Amino acid sequence: MQDNPIWSLPPRKQRSRLAEDLVAKISQHMRDGTLKRGEKLPAELDIMRAEGVSRTVVRDALSRLQVAGLVETRRGVGTFVCDMPAAPELKLGPATISTAKDVLELLELRMSLEVAAVGLAAQRRTPESLQEIRVALDAIQQGAVQLPAGLPISADFQFHIKIAKAADNPHLLDIMKHLGAKQIPRNKFNSAYKAHEDGEAYKENLSLEHEMIYDSIARGDVDCARAAMQLHLINSRERLLKAQRRA
C-alpha cells in the first residue's frame with residue numbers, strides 16, 4: 001500500500017507543486033468546457049486514481065479552487081463548479097492611459113505599488129537581480145547623454161521592471177508589465193518635457209533619484225529604498241505638472 005504513489009506522502013514542496021499542477025489542470029477543464037458551471041467534480045478518490053496523487057494533494061487543490069471562487073463544496077454532496085459570471089476584464093492598461101489626468105492618476109497608483117515593490121526588492125534582491133537593475137540604470141544614464149532630449153523611455157521602464165522582478169513577487173511583476181511603458185510619464189508628454197529650460201538640471205536630478213533608489217536596494221535598506229522611490233514618484237508628478245504648464 002505504501003509503495004502506491006496515490007497513498008504515499010511526498011515532501012511539502014512537492015505536494016504544493018502537485019497541487020498547483022492539479023489546479024491548473026482542473027481550471028483548464030473549466031475553460032475548455034469539459035467541466036461546466038454547476039457540474040459536479042469527480043470524487044476525491046477518483047481524482048486521486050486518475051492523477052496518481054495523494055488525498056492531501058487533491059484536498060489542497062480543491063481548497064485553492066474554492067478560495068479562488070471557482071468551486072464550492074457542499075457537505076455530504078460533493079464539489080461543484082461555481083455558476084458565476086466571468087470576472088470583469090481589467091481595463092487599466094496602455095490603451096486607457098491617454099491624457100495628463102490618466103498619467104497623474106497612474107502615478108498615484110504607482111506610489112502604492114512601486115514603494116511596496118522596492119521595499120521587497122531591498123529585502124530579496126540577489127546579486128543577479130541587482131546587476132539587472134544596474135544595467136538598466138546605466139542605460140538610462142547613457143541615453144540621457146546621447147539623446148538630444150535625454151529621455152530614454154525604454155531604459156527607464158526596464159529599470160522599474162527589474163526592481164519589480166527583484167521583489168520576487170510575480171503578481172507585482174505582472175501588473176507592472178501589464179501597465180507597460182506608458183506608466184513612464186515622459187512617454188506620453190515627451191514634447192512637453194523637451195520644453196524644459198533647465199534640461200541639464202532636470203536630467204541630473206532624474207539621474208540622482210534613480211541612483212538613490214539603486215543604492216538603497218544594493219545596501220538592503222528597506223526604509224531608504226521606499227523613501228527614495230516615493231520621492232522619485234512625487235517629483236515625477238511635479239515635473240509632469242510643470243511640463244503641462246509650460247506646454
# chains A, B, ... in the order shown; residues from 1 in each chain; ligands from 1
$ residues_around --residues "Met212 (chain A)" --least-positions-apart "2" --cutoff "9 Å" --atoms "only C-alpha atoms" --output "ChimeraX atom specification"
/A:207-210,214-217,224-225,228-229
$ closest_residue --among "A:Val23, A:Arg226, A:Leu120, A:Ser54" --to "Gln66 (chain A)" --atoms "only C-alpha atoms"
A:Val23
$ closest_residue --among "A:Ile213, A:Arg59, A:Val81, A:His171" --to "Ile133 (chain A)" --atoms "only C-alpha atoms"
A:Ile213
$ residues_around --residues "region 135-139 of chain A" --least-positions-apart "3" --cutoff "7 Å" --atoms "only C-alpha atoms" --output "list of chain:residue names"
A:Gln131, A:Glu132, A:Gln142, A:Gly143, A:Ala155, A:Gln158, A:Phe159
$ write_last_selection --atoms "C-alpha atoms" --output "compact mmCIF listing (two decimals), in the first residue's frame"
# COMPACT_ATOMS: atom_id res chain seq x y z
CA GLN A 131 23.04 43.55 -11.64
CA GLU A 132 19.97 43.70 -13.91
CA GLN A 142 23.92 56.62 -21.23
CA GLY A 143 20.75 57.57 -23.08
CA ALA A 155 15.53 52.02 -20.26
CA GLN A 158 13.19 48.46 -17.68
CA PHE A 159 14.67 49.98 -14.51
$ atom_distance --atom1 "CA of Ser236 (chain A)" --atom2 "CA of Glu211 (chain A)"
15.0 Å
$ residues_around --residues "Val77 (chain A)" --least-positions-apart "6" --cutoff "12 Å" --atoms "only C-alpha atoms" --output "list of chain:residue names"
A:Lys40, A:Leu41, A:Pro42, A:Ala43, A:Glu44
$ closest_residue --among "A:Val71, A:Val222, A:Leu107, A:Ala201" --to "Glu39 (chain A)" --atoms "only C-alpha atoms"
A:Val71
$ atom_distance --atom1 "CA of Met176 (chain A)" --atom2 "CA of Ala164 (chain A)"
7.4 Å
